[in-house]
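Asker: Quick one: the structure is below, questions incoming.
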Amino acid sequence: MKLSLRGIVFSALMAAILVIFGYISIPLGFSPVPITLQTLAVMLAGGLLGPLYGFLSIALVVVLTGLGFPLLHGTGGLGVLLGPTGGYVIMWPFAALLMGLLLSKVEIRGIKGFLMAFIIIELFGSLLNYVTGVPWLAYRFSMSLSDAMIQGFYPYIIGDLIKAIFATIIIAPVRIVYPPSRLTGHMHSNVVKAS
């Protein structure tokens, strides 16, 4: 696997966006899971950078947070990954990976392409995160799965839907002009020959 300098730079930029979006947080009094823009960053990473760099950009934040860097809501350490939102956070890199893979199979032109892109972004950038997030929340707080759905799923559906629409509006036109291979520098060889 050969990484391009441009791909690494864009991955670092997307990782920084994820960290910044973590500071935009609205706590809900009845739930330990706040409303944030972090899933929007995950959607943008997978949609704009493709599977490899989308995964790397988000995984970088998750790994560094686990190592103690205060990157998620200004906190870090394994306690963050094992906390109430840990189930969501662990899925983020895989959400970006799957989104990038599936979007590469879609021709994002016209209404049909836009709708297909939106469905992929909503399913894998939003709903997939709940597959691990809700059961972990239930386990972590010793609550029933139905209570975990009330505290960790239902209040966020509309917000995630809006984020998926917004992400699609950004991703669709950018991918037409700058597909991930071009954006990350993998369209052509990056080897510089000495004259």
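The chains in the structure tokens are called A, B, ... from first to last as shown; in each chain the residues are counted from 1, and the ligands are counted from 1 in the order shown.
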Could you pull out the residues in chain A that DSSP calls strand (DSSP E) from the backbone, as JSON, numbers by chain?
Answerer: {"A": [25, 26, 35, 36]}
Asker: Could you write out that same residue set with N, CA, C and O atoms as a PDB file, in the first residue's frame?
Answerer:
```pdb
ATOM      1  N   SER A  25     -21.009  20.835  20.580  1.00  0.00           N
ATOM      2  CA  SER A  25     -21.678  19.765  21.316  1.00  0.00           C
ATOM      3  C   SER A  25     -22.858  20.308  22.105  1.00  0.00           C
ATOM      4  O   SER A  25     -22.740  21.329  22.784  1.00  0.00           O
ATOM      5  N   ILE A  26     -23.982  19.631  21.976  1.00  0.00           N
ATOM      6  CA  ILE A  26     -25.191  20.005  22.726  1.00  0.00           C
ATOM      7  C   ILE A  26     -25.571  18.832  23.635  1.00  0.00           C
ATOM      8  O   ILE A  26     -26.033  17.797  23.149  1.00  0.00           O
ATOM      9  N   ILE A  35     -25.357  15.747  21.318  1.00  0.00           N
ATOM     10  CA  ILE A  35     -25.493  15.996  19.882  1.00  0.00           C
ATOM     11  C   ILE A  35     -24.225  16.715  19.426  1.00  0.00           C
ATOM     12  O   ILE A  35     -23.843  17.736  20.013  1.00  0.00           O
ATOM     13  N   THR A  36     -23.548  16.183  18.426  1.00  0.00           N
ATOM     14  CA  THR A  36     -22.342  16.815  17.893  1.00  0.00           C
ATOM     15  C   THR A  36     -22.378  16.790  16.363  1.00  0.00           C
ATOM     16  O   THR A  36     -23.251  16.161  15.768  1.00  0.00           O
TER      17      THR A  36
END
```
Asker: Mind dumping a table of every region 17-132 of chain A residue within 9 Å of region 164-170 of chain A, with the nearest atom pair and its distance in Å to one decimal, using only C-alpha atoms, sorted by chain and rising number, as a Markdown table?
Answerer:
```
| residue | atom | partner | partner_atom | distance |
| --- | --- | --- | --- | --- |
| A:Thr39 | CA | A:Ala164 | CA | 8.9 |
| A:Leu40 | CA | A:Ala167 | CA | 6.6 |
| A:Ala41 | CA | A:Ala167 | CA | 8.7 |
| A:Met43 | CA | A:Ala167 | CA | 6.4 |
| A:Leu44 | CA | A:Ala167 | CA | 6.2 |
| A:Gly47 | CA | A:Ala167 | CA | 8.2 |
| A:Leu48 | CA | A:Ile170 | CA | 8.9 |
| A:Phe114 | CA | A:Thr168 | CA | 7.3 |
| A:Leu115 | CA | A:Thr168 | CA | 8.7 |
| A:Ala117 | CA | A:Thr168 | CA | 6.6 |
| A:Phe118 | CA | A:Thr168 | CA | 5.6 |
| A:Ile119 | CA | A:Ala164 | CA | 8.5 |
| A:Ile121 | CA | A:Ala164 | CA | 6.0 |
| A:Glu122 | CA | A:Ala164 | CA | 5.4 |
| A:Gly125 | CA | A:Ala164 | CA | 7.5 |
| A:Ser126 | CA | A:Ala164 | CA | 7.5 |
```
Asker: Please identify all polymer residues within 8 Å of Ala96 (chain A), counting only C-alpha atoms, omitting same-chain residues fewer than 3 positions from it, and present them as an mmCIF file with N, CA and C atoms, in the first residue's frame.
Answerer:
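Result went into out-v9.cif, see below:
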```
data_model
loop_
_atom_site.group_PDB
_atom_site.id
_atom_site.type_symbol
_atom_site.label_atom_id
_atom_site.label_comp_id
_atom_site.auth_asym_id
_atom_site.auth_seq_id
_atom_site.Cartn_x
_atom_site.Cartn_y
_atom_site.Cartn_z
ATOM 1 N N VAL A 42 -17.273 12.391 9.778
ATOM 2 C CA VAL A 42 -17.087 11.011 9.322
ATOM 3 C C VAL A 42 -17.657 10.839 7.916
ATOM 4 N N MET A 43 -18.848 11.405 7.694
ATOM 5 C CA MET A 43 -19.473 11.337 6.366
ATOM 6 C C MET A 43 -18.599 12.008 5.310
ATOM 7 N N ALA A 45 -15.369 12.556 5.447
ATOM 8 C CA ALA A 45 -14.118 11.809 5.265
ATOM 9 C C ALA A 45 -14.299 10.657 4.291
ATOM 10 N N GLY A 46 -15.308 9.834 4.521
ATOM 11 C CA GLY A 46 -15.540 8.699 3.628
ATOM 12 C C GLY A 46 -15.977 9.130 2.248
ATOM 13 N N GLY A 47 -16.792 10.182 2.187
ATOM 14 C CA GLY A 47 -17.326 10.627 0.910
ATOM 15 C C GLY A 47 -16.326 11.355 0.038
ATOM 16 N N GLY A 50 -12.498 8.856 0.031
ATOM 17 C CA GLY A 50 -12.547 7.462 -0.378
ATOM 18 C C GLY A 50 -12.273 6.527 0.786
ATOM 19 N N PRO A 51 -12.273 5.212 0.528
ATOM 20 C CA PRO A 51 -12.187 4.245 1.634
ATOM 21 C C PRO A 51 -10.875 4.282 2.409
ATOM 22 N N GLY A 54 -10.247 7.941 3.957
ATOM 23 C CA GLY A 54 -11.359 8.190 4.866
ATOM 24 C C GLY A 54 -11.174 7.409 6.158
ATOM 25 N N PHE A 55 -10.841 6.124 6.000
ATOM 26 C CA PHE A 55 -10.587 5.269 7.169
ATOM 27 C C PHE A 55 -9.413 5.806 7.985
ATOM 28 N N ILE A 58 -10.062 9.087 10.118
ATOM 29 C CA ILE A 58 -10.889 8.908 11.315
ATOM 30 C C ILE A 58 -10.200 7.983 12.319
ATOM 31 N N TRP A 92 -16.767 4.633 13.766
ATOM 32 C CA TRP A 92 -16.527 5.721 12.813
ATOM 33 C C TRP A 92 -15.563 5.382 11.679
ATOM 34 N N PRO A 93 -14.369 4.843 11.952
ATOM 35 C CA PRO A 93 -13.455 4.560 10.829
ATOM 36 C C PRO A 93 -14.043 3.565 9.830
ATOM 37 N N MET A 99 -18.482 3.674 3.476
ATOM 38 C CA MET A 99 -19.064 4.746 2.672
ATOM 39 C C MET A 99 -18.213 5.017 1.437
ATOM 40 N N GLY A 100 -16.903 5.113 1.643
ATOM 41 C CA GLY A 100 -15.997 5.350 0.526
ATOM 42 C C GLY A 100 -16.045 4.244 -0.504
ATOM 43 N N PHE A 124 -24.539 4.306 6.049
ATOM 44 C CA PHE A 124 -23.218 3.943 6.567
ATOM 45 C C PHE A 124 -22.537 5.071 7.337
ATOM 46 N N GLY A 125 -22.939 6.311 7.091
ATOM 47 C CA GLY A 125 -22.359 7.414 7.855
ATOM 48 C C GLY A 125 -23.123 7.717 9.120
#
```
Asker: Calculated over only C-alpha atoms, which of the candidates A:Ile90, A:Leu123, A:Pro84, A:Val131 has the smallest distance to Met143 (chain A)?
Answerer: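 The shortest atom-to-atom distance to Met143 (chain A) comes from A:Pro84.
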Asker: Between A:Ile108, A:Ser57, A:Leu28, A:Leu13, which one has atoms that come closest to Tyr178 (chain A), using only C-alpha atoms?
Answerer: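 Ranking A:Ile108, A:Ser57, A:Leu28, A:Leu13 by distance to Tyr178 (chain A), first place goes to A:Ile108.
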